[in-house]
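structure19.txt (compact mmCIF, C-alpha atoms)
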```
# COMPACT_ATOMS: atom_id res chain seq x y z
CA MET A 1 29.20 60.77 43.10
CA ALA A 2 32.16 59.75 40.96
CA VAL A 3 31.86 59.54 37.20
CA THR A 4 33.93 57.08 35.23
CA ILE A 5 34.42 57.92 31.59
CA PHE A 6 35.60 55.25 29.19
CA THR A 7 37.28 56.91 26.24
CA GLN A 8 39.14 56.07 23.06
CA THR A 9 42.22 57.86 21.81
CA SER A 10 41.54 60.41 19.06
CA CYS A 11 37.77 60.24 19.55
CA THR A 12 36.22 63.69 19.17
CA SER A 13 33.18 62.81 21.29
CA SER A 14 35.42 61.56 24.09
CA LYS A 15 37.40 64.82 24.01
CA LYS A 16 34.18 66.88 24.13
CA ALA A 17 32.87 64.88 27.10
CA LEU A 18 36.16 65.23 29.00
CA GLN A 19 36.19 68.97 28.35
CA TRP A 20 32.57 69.28 29.50
CA LEU A 21 33.27 67.39 32.73
CA LYS A 22 36.24 69.68 33.46
CA GLU A 23 34.28 72.85 32.66
CA ASN A 24 31.49 71.78 35.00
CA ASN A 25 33.83 70.78 37.83
CA ILE A 26 32.60 67.20 37.90
CA SER A 27 35.09 64.78 39.37
CA PHE A 28 35.78 61.85 37.11
CA THR A 29 38.12 59.00 36.40
CA GLU A 30 39.15 58.49 32.82
CA LYS A 31 39.83 55.03 31.52
CA ARG A 32 41.09 54.67 27.97
CA ILE A 33 39.68 51.38 26.81
CA THR A 34 42.26 51.05 24.07
CA SER A 35 45.17 51.07 26.54
CA ASP A 36 43.58 50.33 29.97
CA GLN A 37 41.77 47.07 29.49
CA LEU A 38 38.09 47.08 30.45
CA THR A 39 37.52 44.67 33.34
CA LEU A 40 34.74 42.09 33.40
CA PRO A 41 33.00 43.82 36.36
CA GLU A 42 33.15 47.17 34.49
CA PHE A 43 31.75 45.54 31.36
CA LYS A 44 28.94 43.87 33.33
CA LEU A 45 28.11 47.18 35.06
CA ILE A 46 27.90 49.04 31.75
CA LEU A 47 25.83 46.29 30.15
CA SER A 48 23.49 46.10 33.15
CA MET A 49 22.77 49.84 32.92
CA THR A 50 21.86 49.86 29.24
CA GLU A 51 18.28 50.03 28.06
CA ASP A 52 18.98 48.34 24.75
CA GLY A 53 21.73 45.91 25.75
CA THR A 54 24.56 45.44 23.29
CA ASP A 55 22.85 47.63 20.67
CA GLU A 56 23.56 50.62 22.88
CA ILE A 57 27.27 50.03 23.46
CA ILE A 58 28.54 48.14 20.40
CA SER A 59 29.40 50.13 17.29
CA THR A 60 28.16 47.90 14.50
CA ASN A 61 29.80 50.25 11.98
CA SER A 62 33.27 49.67 13.41
CA LYS A 63 35.77 47.75 11.35
CA ASP A 64 36.45 45.42 14.31
CA PHE A 65 32.79 44.50 14.59
CA LYS A 66 32.36 43.95 10.87
CA ASN A 67 35.42 41.67 10.80
CA LEU A 68 34.01 39.48 13.59
CA ASN A 69 31.41 37.88 11.40
CA CYS A 70 29.39 36.46 14.31
CA ASP A 71 26.02 37.10 15.94
CA ILE A 72 26.84 38.69 19.28
CA ASN A 73 23.26 38.17 20.48
CA HIS A 74 23.98 34.45 20.84
CA LEU A 75 27.12 34.88 22.93
CA SER A 76 27.39 34.55 26.69
CA ILE A 77 28.46 37.64 28.62
CA GLN A 78 31.89 36.09 29.13
CA GLU A 79 32.27 35.36 25.41
CA LEU A 80 31.17 38.87 24.51
CA TYR A 81 33.53 40.35 27.09
CA ASP A 82 36.43 38.34 25.67
CA ILE A 83 35.70 39.74 22.21
CA VAL A 84 35.37 43.32 23.48
CA LYS A 85 38.57 42.91 25.50
CA ASP A 86 40.41 41.88 22.32
CA HIS A 87 38.64 44.49 20.15
CA PRO A 88 37.94 47.53 22.37
CA LYS A 89 37.40 49.83 19.39
CA MET A 90 34.10 48.07 18.71
CA LEU A 91 32.66 49.86 21.76
CA ARG A 92 30.97 53.20 21.26
CA SER A 93 32.66 56.07 23.01
CA PRO A 94 32.65 57.80 25.28
CA ILE A 95 30.79 55.78 27.88
CA LEU A 96 30.04 57.73 31.06
CA VAL A 97 28.79 55.95 34.13
CA ASP A 98 28.18 56.70 37.79
CA GLU A 99 26.17 54.89 40.48
CA LYS A 100 22.83 55.61 38.80
CA ARG A 101 23.37 56.80 35.24
CA LEU A 102 24.85 55.67 31.95
CA GLN A 103 25.45 57.72 28.84
CA VAL A 104 26.89 56.40 25.63
CA GLY A 105 28.28 58.99 23.25
CA TYR A 106 28.35 62.73 23.72
CA ASN A 107 25.19 64.81 23.67
CA ASP A 108 25.09 68.42 24.97
CA MET A 109 21.73 67.98 26.68
CA ASP A 110 21.96 64.41 27.95
CA ILE A 111 25.34 64.86 29.62
CA ARG A 112 23.77 67.43 31.95
CA ARG A 113 22.30 64.54 33.94
CA PHE A 114 25.74 64.21 35.55
CA ILE A 115 25.44 67.68 37.10
CA PRO A 116 24.28 67.22 40.71
CA ARG A 117 20.52 67.66 41.15
CA LYS A 118 20.94 70.61 43.53
CA VAL A 119 22.98 72.51 40.93
CA ARG A 120 20.45 71.75 38.18
CA ALA A 121 17.60 72.89 40.43
CA TYR A 122 19.43 76.14 41.19
CA GLU A 123 20.14 76.76 37.48
CA LEU A 124 16.46 76.22 36.70
CA TYR A 125 15.44 78.60 39.48
CA GLU A 126 17.86 81.26 38.18
CA MET A 127 16.60 80.91 34.60
CA GLN A 128 13.00 81.26 35.77
CA ARG A 129 13.85 84.25 37.94
CA LEU A 130 15.69 85.99 35.09
CA SER A 131 12.85 85.34 32.66
CA GLN A 132 10.36 86.94 35.08
CA GLU A 133 12.56 90.03 35.47
CA GLY A 134 12.96 90.56 31.75
```
Rewrite the structure from the file as structure tokens, please.
Amino acid sequence: MAVTIFTQTSCTSSKKALQWLKENNISFTEKRITSDQLTLPEFKLILSMTEDGTDEIISTNSKDFKNLNCDINHLSIQELYDIVKDHPKMLRSPILVDEKRLQVGYNDMDIRRFIPRKVRAYELYEMQRLSQEG
């Protein structure tokens, strides 16, 4: 189960997520969206996995987004992709994705979903066992 993490240079949340993946021995591929252009298939995959569509992945507070001066909800996927390709900093970061899961941003609790289920089950068992001993 390979995780792909889309990061931005000098993004604190991206650095935290990368560090967390390393500390938890989770294999990943890093793609810096500011230097390694996001592909259309990658963009479509990310968008297809969102619950809230563009609201989840577009940073409306970013300078790039504010300078656009257009309603992205009326754009085709190709048009939106072209804009994101030209203005990658308008994407929230980091974006973590695997075959089943998507996470936008860094959150200590939510990122745990990328730990394999067997490991999470074992950790839960150990916590319960330790609480019964104490």
TODO: Could you tell me how far atom CA of Thr12 of chain A lies from atom CA of Asp64 of chain A, in Å and to one decimal?
DONE: 18.9 Å
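Considering the residues A:Leu40, A:Leu18, A:Ile26, A:Leu102 and counting all atoms listed in the file, Gly53 of chain A has its shortest atom-to-atom contact with A:Leu102.
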Hey, can you pull every residue with an atom no more than 12 Å from (28.0, 49.3, 16.6), using all atoms listed in the file, and send it as a short mmCIF file (atom, residue, chain, number, x, y, z; two decimals) with C-alpha atoms, in the frame of the given file?
```
data_model
loop_
_atom_site.label_atom_id
_atom_site.label_comp_id
_atom_site.auth_asym_id
_atom_site.auth_seq_id
_atom_site.Cartn_x
_atom_site.Cartn_y
_atom_site.Cartn_z
CA GLY A 53 21.73 45.91 25.75
CA THR A 54 24.56 45.44 23.29
CA ASP A 55 22.85 47.63 20.67
CA GLU A 56 23.56 50.62 22.88
CA ILE A 57 27.27 50.03 23.46
CA ILE A 58 28.54 48.14 20.40
CA SER A 59 29.40 50.13 17.29
CA THR A 60 28.16 47.90 14.50
CA ASN A 61 29.80 50.25 11.98
CA SER A 62 33.27 49.67 13.41
CA LYS A 63 35.77 47.75 11.35
CA ASP A 64 36.45 45.42 14.31
CA PHE A 65 32.79 44.50 14.59
CA LYS A 66 32.36 43.95 10.87
CA LEU A 68 34.01 39.48 13.59
CA ILE A 72 26.84 38.69 19.28
CA VAL A 84 35.37 43.32 23.48
CA PRO A 88 37.94 47.53 22.37
CA LYS A 89 37.40 49.83 19.39
CA MET A 90 34.10 48.07 18.71
CA LEU A 91 32.66 49.86 21.76
CA ARG A 92 30.97 53.20 21.26
CA SER A 93 32.66 56.07 23.01
CA VAL A 104 26.89 56.40 25.63
CA GLY A 105 28.28 58.99 23.25
#
```
- [ ] Tell me which protein, DNA and RNA residues are within 10 Å of segment 113-123 of chain A, counting all atoms listed in the file, leaving out same-chain ones fewer than 4 positions away, and put them as a PyMOL selection string.
- [x] chain A and resi 1-3+21+24-26+96-98+100-103+109+127-129
Export of prior selection with C-alpha atoms as a PDB file, in the frame of the given file:
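Produced file part.pdb, reproduced below:
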```pdb
ATOM      1  CA  MET A   1      29.200  60.770  43.100  1.00  0.00           C
ATOM      2  CA  ALA A   2      32.160  59.750  40.960  1.00  0.00           C
ATOM      3  CA  VAL A   3      31.860  59.540  37.200  1.00  0.00           C
ATOM      4  CA  LEU A  21      33.270  67.390  32.730  1.00  0.00           C
ATOM      5  CA  ASN A  24      31.490  71.780  35.000  1.00  0.00           C
ATOM      6  CA  ASN A  25      33.830  70.780  37.830  1.00  0.00           C
ATOM      7  CA  ILE A  26      32.600  67.200  37.900  1.00  0.00           C
ATOM      8  CA  LEU A  96      30.040  57.730  31.060  1.00  0.00           C
ATOM      9  CA  VAL A  97      28.790  55.950  34.130  1.00  0.00           C
ATOM     10  CA  ASP A  98      28.180  56.700  37.790  1.00  0.00           C
ATOM     11  CA  LYS A 100      22.830  55.610  38.800  1.00  0.00           C
ATOM     12  CA  ARG A 101      23.370  56.800  35.240  1.00  0.00           C
ATOM     13  CA  LEU A 102      24.850  55.670  31.950  1.00  0.00           C
ATOM     14  CA  GLN A 103      25.450  57.720  28.840  1.00  0.00           C
ATOM     15  CA  MET A 109      21.730  67.980  26.680  1.00  0.00           C
ATOM     16  CA  MET A 127      16.600  80.910  34.600  1.00  0.00           C
ATOM     17  CA  GLN A 128      13.000  81.260  35.770  1.00  0.00           C
ATOM     18  CA  ARG A 129      13.850  84.250  37.940  1.00  0.00           C
TER      19      ARG A 129
END
```
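Atom to atom, atom CA of Asn107 of chain A and atom CA of Leu45 of chain A stand 21.2 Å apart.
Straight-line separation from atom CA of Thr39 of chain A to atom CA of Thr9 of chain A: 18.1 Å.
Candidate residues A:Gln132, A:Asn73, A:Thr7, A:Gln78 were compared for distance to Thr29 of chain A, and the nearest is A:Thr7, using all atoms listed in the file.
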Can you report as lines of an AutoDock Vina configuration file the centre and edge lengths in Å, to one decimal, of an axis-aligned box around the listed atoms of segment 75-84 of chain A padded with 4 Å on each side?
```
center_x = 31.8
center_y = 38.9
center_z = 25.7
size_x = 17.3
size_y = 16.8
size_z = 14.9
```
Task: Top pick for closest residue to Ser14 of chain A, considering A:Asp71, A:Leu130, A:Glu79, A:Ile95 and counting all atoms listed in the file - done: A:Ile95
